[in-house]
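data-v4.pdb follows (PDB, C-alpha atoms, pLDDT in the B column):
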MODEL        1
ATOM      1  CA  MET T   1      23.570  31.480 -19.428  1.00 45.00           C
ATOM      2  CA  THR T   2      20.489  32.362 -21.498  1.00 49.00           C
ATOM      3  CA  SER T   3      16.981  31.372 -20.563  1.00 49.00           C
ATOM      4  CA  SER T   4      16.854  28.922 -23.460  1.00 45.00           C
ATOM      5  CA  GLN T   5      19.966  27.169 -22.163  1.00 53.00           C
ATOM      6  CA  ALA T   6      18.296  26.664 -18.799  1.00 92.00           C
ATOM      7  CA  ARG T   7      15.192  24.976 -20.140  1.00 96.00           C
ATOM      8  CA  PHE T   8      14.830  21.311 -21.058  1.00 97.00           C
ATOM      9  CA  GLU T   9      11.876  20.140 -23.147  1.00 97.00           C
ATOM     10  CA  ALA T  10      10.851  16.681 -24.302  1.00 97.00           C
ATOM     11  CA  SER T  11       7.885  14.558 -25.297  1.00 96.00           C
ATOM     12  CA  ILE T  12       7.605  11.074 -23.886  1.00 95.00           C
ATOM     13  CA  LEU T  13       5.452   7.974 -24.012  1.00 93.00           C
ATOM     14  CA  ALA T  14       5.262   7.047 -20.343  1.00 90.00           C
ATOM     15  CA  THR T  15       6.805   3.585 -20.331  1.00 92.00           C
ATOM     16  CA  PRO T  16       9.131   2.724 -17.436  1.00 92.00           C
ATOM     17  CA  GLU T  17      12.134   2.412 -19.730  1.00 93.00           C
ATOM     18  CA  ALA T  18      11.503   5.749 -21.470  1.00 94.00           C
ATOM     19  CA  ILE T  19      10.933   7.453 -18.124  1.00 95.00           C
ATOM     20  CA  SER T  20      14.233   6.113 -16.741  1.00 95.00           C
ATOM     21  CA  ASP T  21      16.036   7.370 -19.826  1.00 96.00           C
ATOM     22  CA  LEU T  22      14.397  10.790 -19.602  1.00 97.00           C
ATOM     23  CA  THR T  23      15.135  11.317 -15.927  1.00 97.00           C
ATOM     24  CA  GLU T  24      18.781  10.352 -16.466  1.00 96.00           C
ATOM     25  CA  ARG T  25      18.993  12.928 -19.274  1.00 97.00           C
ATOM     26  CA  ILE T  26      17.424  15.545 -17.033  1.00 98.00           C
ATOM     27  CA  MET T  27      19.861  14.799 -14.221  1.00 97.00           C
ATOM     28  CA  THR T  28      22.704  15.277 -16.699  1.00 97.00           C
ATOM     29  CA  PHE T  29      21.114  18.540 -17.874  1.00 97.00           C
ATOM     30  CA  LEU T  30      20.737  19.857 -14.325  1.00 97.00           C
ATOM     31  CA  ASP T  31      24.253  18.794 -13.326  1.00 97.00           C
ATOM     32  CA  ALA T  32      25.699  20.584 -16.351  1.00 96.00           C
ATOM     33  CA  ARG T  33      23.935  23.787 -15.253  1.00 96.00           C
ATOM     34  CA  GLY T  34      25.327  23.654 -11.755  1.00 96.00           C
ATOM     35  CA  VAL T  35      22.194  22.531  -9.955  1.00 96.00           C
ATOM     36  CA  GLU T  36      23.047  20.960  -6.613  1.00 96.00           C
ATOM     37  CA  ASP T  37      22.835  17.191  -6.119  1.00 96.00           C
ATOM     38  CA  ARG T  38      19.822  17.204  -3.810  1.00 96.00           C
ATOM     39  CA  PRO T  39      17.446  19.286  -5.955  1.00 97.00           C
ATOM     40  CA  THR T  40      18.673  17.408  -9.013  1.00 97.00           C
ATOM     41  CA  HIS T  41      17.758  14.120  -7.376  1.00 97.00           C
ATOM     42  CA  HIS T  42      14.408  15.447  -6.166  1.00 98.00           C
ATOM     43  CA  THR T  43      13.511  16.835  -9.587  1.00 98.00           C
ATOM     44  CA  ALA T  44      14.244  13.526 -11.292  1.00 98.00           C
ATOM     45  CA  LEU T  45      12.369  11.553  -8.654  1.00 98.00           C
ATOM     46  CA  ILE T  46       9.294  13.792  -8.771  1.00 98.00           C
ATOM     47  CA  LEU T  47       9.201  13.689 -12.550  1.00 97.00           C
ATOM     48  CA  GLU T  48       9.523   9.923 -12.561  1.00 96.00           C
ATOM     49  CA  GLU T  49       6.687   9.518 -10.066  1.00 96.00           C
ATOM     50  CA  ILE T  50       4.320  11.784 -11.987  1.00 96.00           C
ATOM     51  CA  LEU T  51       5.099  10.119 -15.320  1.00 95.00           C
ATOM     52  CA  ILE T  52       4.840   6.584 -13.929  1.00 93.00           C
ATOM     53  CA  ASN T  53       1.441   7.537 -12.563  1.00 91.00           C
ATOM     54  CA  LEU T  54       0.379   8.895 -15.954  1.00 90.00           C
ATOM     55  CA  GLY T  55       1.557   5.717 -17.624  1.00 84.00           C
ATOM     56  CA  MET T  56      -0.422   3.543 -15.223  1.00 80.00           C
ATOM     57  CA  HIS T  57      -3.602   5.567 -14.842  1.00 78.00           C
ATOM     58  CA  GLY T  58      -3.601   8.111 -17.657  1.00 74.00           C
ATOM     59  CA  ASP T  59      -3.294   7.608 -21.378  1.00 68.00           C
ATOM     60  CA  CYS T  60       0.376   8.423 -21.735  1.00 65.00           C
ATOM     61  CA  ARG T  61       1.575   5.049 -22.956  1.00 69.00           C
ATOM     62  CA  HIS T  62      -0.153   5.837 -26.245  1.00 80.00           C
ATOM     63  CA  HIS T  63      -0.227   9.629 -26.329  1.00 87.00           C
ATOM     64  CA  PRO T  64       2.975  11.384 -25.350  1.00 93.00           C
ATOM     65  CA  ALA T  65       3.192  13.780 -22.456  1.00 95.00           C
ATOM     66  CA  ARG T  66       5.105  17.028 -22.820  1.00 97.00           C
ATOM     67  CA  VAL T  67       7.739  17.737 -20.203  1.00 98.00           C
ATOM     68  CA  ALA T  68       9.601  20.965 -19.470  1.00 98.00           C
ATOM     69  CA  ILE T  69      12.226  21.570 -16.789  1.00 98.00           C
ATOM     70  CA  THR T  70      13.487  25.075 -16.050  1.00 97.00           C
ATOM     71  CA  VAL T  71      16.435  26.059 -13.897  1.00 97.00           C
ATOM     72  CA  GLU T  72      15.997  29.218 -11.851  1.00 95.00           C
ATOM     73  CA  PRO T  73      18.386  30.691  -9.288  1.00 94.00           C
ATOM     74  CA  GLU T  74      16.293  29.606  -6.284  1.00 94.00           C
ATOM     75  CA  LYS T  75      14.450  26.584  -7.635  1.00 96.00           C
ATOM     76  CA  VAL T  76      13.958  24.061 -10.394  1.00 97.00           C
ATOM     77  CA  THR T  77      10.477  23.963 -11.902  1.00 97.00           C
ATOM     78  CA  GLY T  78       8.800  21.239 -13.879  1.00 98.00           C
ATOM     79  CA  GLU T  79       5.703  21.113 -16.082  1.00 98.00           C
ATOM     80  CA  ILE T  80       3.987  18.000 -17.409  1.00 97.00           C
ATOM     81  CA  VAL T  81       1.102  18.261 -19.881  1.00 96.00           C
ATOM     82  CA  ASP T  82      -0.920  15.203 -20.912  1.00 94.00           C
ATOM     83  CA  VAL T  83      -4.166  14.492 -22.739  1.00 91.00           C
ATOM     84  CA  GLY T  84      -5.439  11.816 -20.360  1.00 90.00           C
ATOM     85  CA  PRO T  85      -8.695  11.996 -18.423  1.00 91.00           C
ATOM     86  CA  PRO T  86      -8.879  14.761 -15.802  1.00 93.00           C
ATOM     87  CA  PHE T  87      -6.786  13.864 -12.767  1.00 92.00           C
ATOM     88  CA  ASP T  88      -5.605  16.146  -9.997  1.00 94.00           C
ATOM     89  CA  PRO T  89      -2.622  14.323  -8.435  1.00 94.00           C
ATOM     90  CA  ARG T  90      -2.729  16.557  -5.384  1.00 95.00           C
ATOM     91  CA  LEU T  91      -5.945  14.848  -4.323  1.00 93.00           C
ATOM     92  CA  ALA T  92      -4.470  11.348  -4.156  1.00 91.00           C
ATOM     93  CA  PRO T  93      -4.830  10.008  -0.594  1.00 90.00           C
ATOM     94  CA  ASP T  94      -1.675   9.709   1.451  1.00 90.00           C
ATOM     95  CA  PRO T  95      -0.604   6.172   2.371  1.00 89.00           C
ATOM     96  CA  SER T  96      -0.334   4.906   5.938  1.00 85.00           C
ATOM     97  CA  ILE T  97       3.386   4.951   6.590  1.00 82.00           C
ATOM     98  CA  ASP T  98       3.440   4.035  10.275  1.00 82.00           C
ATOM     99  CA  VAL T  99       2.145   0.470  10.152  1.00 79.00           C
ATOM    100  CA  ALA T 100       4.043  -2.823  10.401  1.00 77.00           C
ATOM    101  CA  PRO T 101       5.332  -4.330   7.131  1.00 71.00           C
ATOM    102  CA  GLY T 102       2.846  -7.199   7.218  1.00 70.00           C
ATOM    103  CA  ASP T 103      -0.097  -4.826   7.505  1.00 77.00           C
ATOM    104  CA  ARG T 104       1.175  -2.187   5.162  1.00 77.00           C
ATOM    105  CA  PRO T 105      -0.593  -1.871   1.805  1.00 76.00           C
ATOM    106  CA  ILE T 106       1.475  -1.960  -1.360  1.00 76.00           C
ATOM    107  CA  GLY T 107       1.427   1.264  -3.337  1.00 78.00           C
ATOM    108  CA  GLY T 108       0.360   4.848  -2.895  1.00 85.00           C
ATOM    109  CA  LEU T 109       3.840   6.171  -2.205  1.00 93.00           C
ATOM    110  CA  GLY T 110       4.622   7.850  -5.516  1.00 95.00           C
ATOM    111  CA  LEU T 111       2.500  10.962  -5.282  1.00 95.00           C
ATOM    112  CA  TYR T 112       3.170  11.098  -1.544  1.00 95.00           C
ATOM    113  CA  LEU T 113       6.882  11.483  -2.346  1.00 97.00           C
ATOM    114  CA  VAL T 114       6.024  14.212  -4.847  1.00 97.00           C
ATOM    115  CA  LYS T 115       4.113  16.136  -2.192  1.00 97.00           C
ATOM    116  CA  LYS T 116       6.926  15.782   0.340  1.00 96.00           C
ATOM    117  CA  LEU T 117       9.849  16.619  -1.955  1.00 97.00           C
ATOM    118  CA  SER T 118       8.361  19.576  -3.818  1.00 97.00           C
ATOM    119  CA  CYS T 119       7.999  23.116  -2.530  1.00 97.00           C
ATOM    120  CA  SER T 120       4.985  23.669  -4.766  1.00 97.00           C
ATOM    121  CA  PHE T 121       2.688  21.240  -6.558  1.00 98.00           C
ATOM    122  CA  GLU T 122      -0.055  22.583  -8.807  1.00 98.00           C
ATOM    123  CA  TYR T 123      -2.639  21.270 -11.215  1.00 97.00           C
ATOM    124  CA  ALA T 124      -5.049  22.724 -13.752  1.00 97.00           C
ATOM    125  CA  ARG T 125      -7.226  21.363 -16.522  1.00 97.00           C
ATOM    126  CA  ARG T 126      -6.794  23.516 -19.637  1.00 96.00           C
ATOM    127  CA  ASN T 127      -8.015  22.933 -23.188  1.00 95.00           C
ATOM    128  CA  GLY T 128      -8.667  19.266 -22.552  1.00 94.00           C
ATOM    129  CA  GLU T 129      -5.220  18.683 -21.065  1.00 95.00           C
ATOM    130  CA  ASN T 130      -3.900  17.999 -17.585  1.00 95.00           C
ATOM    131  CA  CYS T 131      -1.294  20.586 -16.649  1.00 97.00           C
ATOM    132  CA  THR T 132       0.755  19.517 -13.642  1.00 97.00           C
ATOM    133  CA  ALA T 133       3.525  21.726 -12.295  1.00 98.00           C
ATOM    134  CA  PHE T 134       5.998  21.404  -9.460  1.00 98.00           C
ATOM    135  CA  ALA T 135       8.990  23.197  -8.025  1.00 98.00           C
ATOM    136  CA  VAL T 136      11.995  22.016  -6.048  1.00 98.00           C
ATOM    137  CA  SER T 137      13.868  24.429  -3.833  1.00 97.00           C
ATOM    138  CA  ARG T 138      17.596  24.941  -4.308  1.00 95.00           C
ATOM    139  CA  GLY T 139      17.770  26.500  -0.837  1.00 83.00           C
ATOM    140  CA  ASP T 140      20.313  25.842   1.860  1.00 59.00           C
ATOM    141  CA  ILE T 141      20.249  22.520   3.619  1.00 46.00           C
ATOM    142  CA  SER T 142      19.778  22.567   7.389  1.00 41.00           C
ATOM    143  CA  GLU T 143      21.498  20.210   9.808  1.00 38.00           C
ATOM    144  CA  GLU T 144      18.407  18.006   9.749  1.00 41.00           C
ATOM    145  CA  GLY T 145      18.683  17.702   6.003  1.00 41.00           C
ATOM    146  CA  GLU T 146      15.551  19.716   5.263  1.00 44.00           C
ATOM    147  CA  ALA T 147      15.571  22.405   2.622  1.00 42.00           C
ATOM    148  CA  LYS T 148      15.011  25.809   4.150  1.00 38.00           C
TER     149      LYS T 148
ATOM    150  CA  MET Z   1      20.256  -2.668 -12.661  1.00 93.00           C
ATOM    151  CA  GLU Z   2      22.896  -5.232 -11.807  1.00 95.00           C
ATOM    152  CA  ILE Z   3      22.054  -7.737  -9.073  1.00 96.00           C
ATOM    153  CA  ARG Z   4      24.523 -10.192  -7.567  1.00 95.00           C
ATOM    154  CA  ASP Z   5      23.837 -12.657  -4.794  1.00 94.00           C
ATOM    155  CA  GLU Z   6      26.006 -14.736  -2.501  1.00 94.00           C
ATOM    156  CA  SER Z   7      25.607 -16.664   0.721  1.00 92.00           C
ATOM    157  CA  ILE Z   8      27.681 -15.523   3.685  1.00 92.00           C
ATOM    158  CA  GLY Z   9      27.366 -17.401   6.962  1.00 86.00           C
ATOM    159  CA  GLY Z  10      23.780 -18.413   6.335  1.00 87.00           C
ATOM    160  CA  THR Z  11      22.709 -14.995   5.106  1.00 93.00           C
ATOM    161  CA  SER Z  12      21.702 -14.352   1.519  1.00 94.00           C
ATOM    162  CA  VAL Z  13      23.515 -11.153   0.605  1.00 96.00           C
ATOM    163  CA  VAL Z  14      22.320  -9.308  -2.477  1.00 96.00           C
ATOM    164  CA  THR Z  15      24.378  -6.540  -4.028  1.00 97.00           C
ATOM    165  CA  ALA Z  16      22.346  -4.140  -6.154  1.00 97.00           C
ATOM    166  CA  ILE Z  17      23.975  -1.620  -8.478  1.00 97.00           C
ATOM    167  CA  GLY Z  18      22.174   1.059 -10.453  1.00 96.00           C
ATOM    168  CA  ARG Z  19      18.761   2.709 -10.285  1.00 96.00           C
ATOM    169  CA  LEU Z  20      15.926   1.000  -8.456  1.00 97.00           C
ATOM    170  CA  ASP Z  21      13.138   2.642 -10.417  1.00 95.00           C
ATOM    171  CA  GLY Z  22      10.075   1.747 -12.446  1.00 91.00           C
ATOM    172  CA  GLY Z  23      12.228   0.196 -15.136  1.00 91.00           C
ATOM    173  CA  ALA Z  24      14.125  -2.087 -12.762  1.00 94.00           C
ATOM    174  CA  SER Z  25      11.851  -2.842  -9.827  1.00 94.00           C
ATOM    175  CA  ALA Z  26       9.971  -5.816 -11.294  1.00 93.00           C
ATOM    176  CA  ALA Z  27      13.155  -7.695 -12.179  1.00 94.00           C
ATOM    177  CA  PHE Z  28      14.627  -6.724  -8.799  1.00 96.00           C
ATOM    178  CA  ALA Z  29      11.661  -8.188  -6.902  1.00 95.00           C
ATOM    179  CA  GLU Z  30      11.485 -11.289  -9.063  1.00 94.00           C
ATOM    180  CA  LYS Z  31      15.174 -12.147  -8.894  1.00 94.00           C
ATOM    181  CA  ILE Z  32      15.590 -11.536  -5.182  1.00 95.00           C
ATOM    182  CA  GLY Z  33      12.215 -13.100  -4.414  1.00 93.00           C
ATOM    183  CA  GLY Z  34      13.497 -16.255  -6.044  1.00 91.00           C
ATOM    184  CA  LEU Z  35      16.219 -16.463  -3.395  1.00 88.00           C
ATOM    185  CA  ILE Z  36      13.623 -16.683  -0.625  1.00 89.00           C
ATOM    186  CA  ALA Z  37      12.897 -20.375  -0.560  1.00 80.00           C
ATOM    187  CA  ASN Z  38      13.844 -21.882   2.767  1.00 79.00           C
ATOM    188  CA  PRO Z  39      12.085 -21.257   6.098  1.00 82.00           C
ATOM    189  CA  ASN Z  40      13.543 -18.547   8.349  1.00 84.00           C
ATOM    190  CA  PRO Z  41      15.704 -16.923   5.670  1.00 91.00           C
ATOM    191  CA  ASN Z  42      18.134 -14.104   6.383  1.00 93.00           C
ATOM    192  CA  LEU Z  43      18.099 -11.622   3.496  1.00 96.00           C
ATOM    193  CA  LEU Z  44      20.454  -8.647   3.363  1.00 97.00           C
ATOM    194  CA  ILE Z  45      20.359  -6.192   0.468  1.00 98.00           C
ATOM    195  CA  ASP Z  46      23.478  -4.055   0.032  1.00 98.00           C
ATOM    196  CA  LEU Z  47      22.453  -0.738  -1.550  1.00 98.00           C
ATOM    197  CA  THR Z  48      25.919   0.823  -1.634  1.00 97.00           C
ATOM    198  CA  GLY Z  49      25.721   0.970  -5.424  1.00 97.00           C
ATOM    199  CA  VAL Z  50      22.181   2.346  -5.606  1.00 97.00           C
ATOM    200  CA  ASP Z  51      21.748   6.119  -5.746  1.00 95.00           C
ATOM    201  CA  PHE Z  52      18.169   6.422  -7.034  1.00 96.00           C
ATOM    202  CA  VAL Z  53      15.097   4.715  -5.578  1.00 97.00           C
ATOM    203  CA  THR Z  54      11.532   5.521  -6.580  1.00 97.00           C
ATOM    204  CA  SER Z  55       8.194   4.381  -5.193  1.00 95.00           C
ATOM    205  CA  ALA Z  56       8.338   1.424  -7.573  1.00 95.00           C
ATOM    206  CA  GLY Z  57      11.584   0.393  -5.885  1.00 96.00           C
ATOM    207  CA  LEU Z  58      10.041   0.889  -2.468  1.00 95.00           C
ATOM    208  CA  ARG Z  59       7.138  -1.349  -3.457  1.00 94.00           C
ATOM    209  CA  ALA Z  60       9.600  -4.035  -4.539  1.00 95.00           C
ATOM    210  CA  VAL Z  61      11.405  -3.795  -1.194  1.00 96.00           C
ATOM    211  CA  LEU Z  62       8.119  -3.989   0.699  1.00 94.00           C
ATOM    212  CA  LEU Z  63       7.054  -7.072  -1.244  1.00 93.00           C
ATOM    213  CA  LEU Z  64      10.333  -8.763  -0.285  1.00 95.00           C
ATOM    214  CA  VAL Z  65       9.964  -7.754   3.354  1.00 94.00           C
ATOM    215  CA  LYS Z  66       6.455  -9.212   3.469  1.00 92.00           C
ATOM    216  CA  LYS Z  67       7.635 -12.437   1.852  1.00 93.00           C
ATOM    217  CA  VAL Z  68      10.554 -12.878   4.255  1.00 94.00           C
ATOM    218  CA  LYS Z  69       8.530 -11.999   7.350  1.00 91.00           C
ATOM    219  CA  ALA Z  70       5.715 -14.346   6.311  1.00 91.00           C
ATOM    220  CA  ILE Z  71       8.028 -17.345   6.621  1.00 91.00           C
ATOM    221  CA  GLY Z  72       9.758 -16.225   9.790  1.00 91.00           C
ATOM    222  CA  GLY Z  73      12.872 -14.707   8.295  1.00 93.00           C
ATOM    223  CA  SER Z  74      14.946 -11.582   8.818  1.00 94.00           C
ATOM    224  CA  PHE Z  75      15.340  -8.723   6.349  1.00 96.00           C
ATOM    225  CA  ALA Z  76      17.826  -5.859   6.414  1.00 97.00           C
ATOM    226  CA  LEU Z  77      19.402  -3.209   4.233  1.00 98.00           C
ATOM    227  CA  CYS Z  78      22.948  -1.851   4.366  1.00 98.00           C
ATOM    228  CA  GLY Z  79      25.072   0.748   2.602  1.00 97.00           C
ATOM    229  CA  VAL Z  80      22.171   3.128   2.048  1.00 98.00           C
ATOM    230  CA  GLN Z  81      23.263   6.355   0.379  1.00 96.00           C
ATOM    231  CA  GLU Z  82      22.016   9.686   1.699  1.00 95.00           C
ATOM    232  CA  SER Z  83      19.748  10.352  -1.286  1.00 95.00           C
ATOM    233  CA  VAL Z  84      18.126   6.953  -0.863  1.00 97.00           C
ATOM    234  CA  ARG Z  85      17.938   7.316   2.909  1.00 97.00           C
ATOM    235  CA  GLU Z  86      15.866  10.466   2.539  1.00 96.00           C
ATOM    236  CA  VAL Z  87      13.317   8.607   0.404  1.00 96.00           C
ATOM    237  CA  LEU Z  88      13.224   5.718   2.883  1.00 96.00           C
ATOM    238  CA  ASP Z  89      12.693   8.208   5.719  1.00 95.00           C
ATOM    239  CA  ILE Z  90       9.779   9.932   3.999  1.00 95.00           C
ATOM    240  CA  ALA Z  91       8.131   6.626   3.174  1.00 93.00           C
ATOM    241  CA  GLY Z  92       8.458   5.418   6.754  1.00 92.00           C
ATOM    242  CA  PHE Z  93      10.762   2.565   5.811  1.00 93.00           C
ATOM    243  CA  THR Z  94      13.581   3.502   8.167  1.00 93.00           C
ATOM    244  CA  ALA Z  95      11.219   3.044  11.104  1.00 90.00           C
ATOM    245  CA  MET Z  96      10.107  -0.414  10.047  1.00 90.00           C
ATOM    246  CA  LEU Z  97      13.308  -1.902   8.606  1.00 93.00           C
ATOM    247  CA  ASP Z  98      16.682  -2.863  10.030  1.00 96.00           C
ATOM    248  CA  ILE Z  99      19.231  -0.665   8.245  1.00 97.00           C
ATOM    249  CA  TYR Z 100      22.975  -1.000   8.889  1.00 97.00           C
ATOM    250  CA  PRO Z 101      25.809   1.237   7.753  1.00 97.00           C
ATOM    251  CA  ALA Z 102      27.886  -1.590   6.311  1.00 96.00           C
ATOM    252  CA  ARG Z 103      27.642  -5.202   5.254  1.00 95.00           C
ATOM    253  CA  ALA Z 104      29.856  -6.733   7.944  1.00 94.00           C
ATOM    254  CA  GLY Z 105      27.894  -5.237  10.799  1.00 95.00           C
ATOM    255  CA  ALA Z 106      24.630  -6.277   9.229  1.00 96.00           C
ATOM    256  CA  ILE Z 107      25.686  -9.887   8.817  1.00 95.00           C
ATOM    257  CA  ALA Z 108      27.000 -10.009  12.379  1.00 94.00           C
ATOM    258  CA  ALA Z 109      23.711  -8.664  13.714  1.00 94.00           C
ATOM    259  CA  MET Z 110      21.575 -10.996  11.613  1.00 91.00           C
ATOM    260  CA  THR Z 111      23.508 -14.133  12.491  1.00 87.00           C
ATOM    261  CA  GLY Z 112      24.584 -13.299  16.010  1.00 77.00           C
TER     262      GLY Z 112
ENDMDL
END

Translate this structure into structure tokens?
Amino acid sequence: MTSSQARFEASILATPEAISDLTERIMTFLDARGVEDRPTHHTALILEEILINLGMHGDCRHHPARVAITVEPEKVTGEIVDVGPPFDPRLAPDPSIDVAPGDRPIGGLGLYLVKKLSCSFEYARRNGENCTAFAVSRGDISEEGEAK
Amino acid sequence: MEIRDESIGGTSVVTAIGRLDGGASAAFAEKIGGLIANPNPNLLIDLTGVDFVTSAGLRAVLLLVKKVKAIGGSFALCGVQESVREVLDIAGFTAMLDIYPARAGAIAAMTG
């Protein structure tokens, strides 16, 4: 496999329908390159959460975001570049997850899932663009279901 | 996403098939929310056919839970796949929801 074969690139207007279509295509891409089910699922979920957030709070329903997914032996990496206002997703507050349903606020879970499912989550503002990057481990799965 | 509903022994059983993501969650919440009409409803959602749930799907589930609980009803999930279970675990949903392995056991517990 060449490096070009292991890289997926796309531009996307961040509507829910387009995001669903893109993440399904990426899952097919990762499956075809032998990526395990769990990191494939995590990659698609993380990408969906970041793009949904950009569609809601950024400017990506009108200006497309650029997406790149790369398969490496130990991990899958993702990069999302958008021209929206500066936003560091790592700084989003975590939701309260240990409260009763009636008291629990709606929302705030998307970027929390990204933080929990990724093994790295980075952000930089470069040349007027938000550059968000993440990685998902392809490591062994322990008995508790956590990636080592 | 495909959504089917039926009534079994006084429990509204919803079968969902497909991805519960940002593209499907609004219709999911609206359609199932429309089934919650009577006081003290029993609502069971069978997720056997769902292998992808995002935060938008979790929000839809939470909205339904709040609606059911507000009128004194019971809410449960069954048939949760491992990939979905992990997301529910992280979000704290497994600690606050009744989740059963299979439909029959869920209905028995909800109506027993």

Open item on the list: Can you tell me which residues surround Ile17 in chain Z at a distance of at most 6 Å, considering all atoms listed in the file, apart from same-chain residues fewer than 3 positions away, and format the answer as number ranges by chain?
Closed with: Z: 1-2, 49-50

message: Which residue is closest to Thr48 in chain Z? Choose from Z:Val61, Z:Leu77, Z:Ala106, Z:Ile32 and count all atoms listed in the file.
response: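 Closest to Thr48 in chain Z, using all atoms listed in the file: Z:Leu77.
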
Report as a list in words the set of chain Z residues whose atoms approach chain T to within 8 Å, with distances computed over all atoms listed in the file.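 Those within range of chain T come out as Asp21, Gly22, Gly23, Phe52, Val53, Thr54, Ser55, Ala56, Arg59, Leu62, Leu63, Val65, Lys66, Lys69, Ala70, Ser83, Val87, Ile90, Ala91, Gly92, Phe93, Ala95 and Met96 of chain Z.
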
Which residues fall under the PyMOL selection byres ((chain T and resi 80) around 12) in this file, as number ranges by chain?
T: 8-12, 14, 46-54, 60, 64-70, 77-79, 81-84, 89, 121-125, 129-135

Review point. How many Å lie between CA of Thr111 in chain Z and CA of Gly72 in chain Z, rounded to one decimal?
Key: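 These two atoms are separated by 14.2 Å.
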
Students should find that CA of Ile99 in chain Z and CA of Gln81 in chain Z are spaced 11.3 Å

Export range 107-145 of chain T of the preceding structure, keeping C-alpha atoms, as a PDB file, in the first residue's frame.
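Listing of decode07.pdb after writing:
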ATOM      1  CA  GLY T 107     -26.248  19.101  24.666  1.00  0.00           C
ATOM      2  CA  GLY T 108     -22.539  19.407  25.233  1.00  0.00           C
ATOM      3  CA  LEU T 109     -21.777  15.757  24.575  1.00  0.00           C
ATOM      4  CA  GLY T 110     -20.262  15.971  21.104  1.00  0.00           C
ATOM      5  CA  LEU T 111     -16.853  17.393  21.875  1.00  0.00           C
ATOM      6  CA  TYR T 112     -16.802  15.424  25.124  1.00  0.00           C
ATOM      7  CA  LEU T 113     -17.013  12.227  23.049  1.00  0.00           C
ATOM      8  CA  VAL T 114     -14.197  13.513  20.844  1.00  0.00           C
ATOM      9  CA  LYS T 115     -11.980  14.052  23.877  1.00  0.00           C
ATOM     10  CA  LYS T 116     -12.758  10.605  25.278  1.00  0.00           C
ATOM     11  CA  LEU T 117     -12.406   8.603  22.057  1.00  0.00           C
ATOM     12  CA  SER T 118      -9.263  10.210  20.655  1.00  0.00           C
ATOM     13  CA  CYS T 119      -5.703   9.571  21.769  1.00  0.00           C
ATOM     14  CA  SER T 120      -4.694  13.069  20.702  1.00  0.00           C
ATOM     15  CA  PHE T 121      -6.741  16.180  19.983  1.00  0.00           C
ATOM     16  CA  GLU T 122      -4.995  19.318  18.762  1.00  0.00           C
ATOM     17  CA  TYR T 123      -5.899  22.752  17.498  1.00  0.00           C
ATOM     18  CA  ALA T 124      -4.097  25.668  15.884  1.00  0.00           C
ATOM     19  CA  ARG T 125      -5.114  28.862  14.144  1.00  0.00           C
ATOM     20  CA  ARG T 126      -3.075  29.260  10.948  1.00  0.00           C
ATOM     21  CA  ASN T 127      -3.479  31.737   8.095  1.00  0.00           C
ATOM     22  CA  GLY T 128      -6.993  32.645   9.144  1.00  0.00           C
ATOM     23  CA  GLU T 129      -8.104  29.018   9.359  1.00  0.00           C
ATOM     24  CA  ASN T 130      -8.967  26.660  12.190  1.00  0.00           C
ATOM     25  CA  CYS T 131      -6.818  23.545  11.991  1.00  0.00           C
ATOM     26  CA  THR T 132      -8.179  20.738  14.148  1.00  0.00           C
ATOM     27  CA  ALA T 133      -6.427  17.380  14.298  1.00  0.00           C
ATOM     28  CA  PHE T 134      -7.118  14.134  16.100  1.00  0.00           C
ATOM     29  CA  ALA T 135      -5.811  10.601  16.280  1.00  0.00           C
ATOM     30  CA  VAL T 136      -7.440   7.295  17.147  1.00  0.00           C
ATOM     31  CA  SER T 137      -5.340   4.427  18.411  1.00  0.00           C
ATOM     32  CA  ARG T 138      -5.425   1.081  16.627  1.00  0.00           C
ATOM     33  CA  GLY T 139      -3.892  -0.544  19.713  1.00  0.00           C
ATOM     34  CA  ASP T 140      -4.927  -3.756  21.382  1.00  0.00           C
ATOM     35  CA  ILE T 141      -8.187  -3.840  23.253  1.00  0.00           C
ATOM     36  CA  SER T 142      -8.044  -4.755  26.939  1.00  0.00           C
ATOM     37  CA  GLU T 143     -10.629  -6.861  28.740  1.00  0.00           C
ATOM     38  CA  GLU T 144     -12.318  -3.667  29.905  1.00  0.00           C
ATOM     39  CA  GLY T 145     -12.684  -2.544  26.326  1.00  0.00           C
TER      40      GLY T 145
END
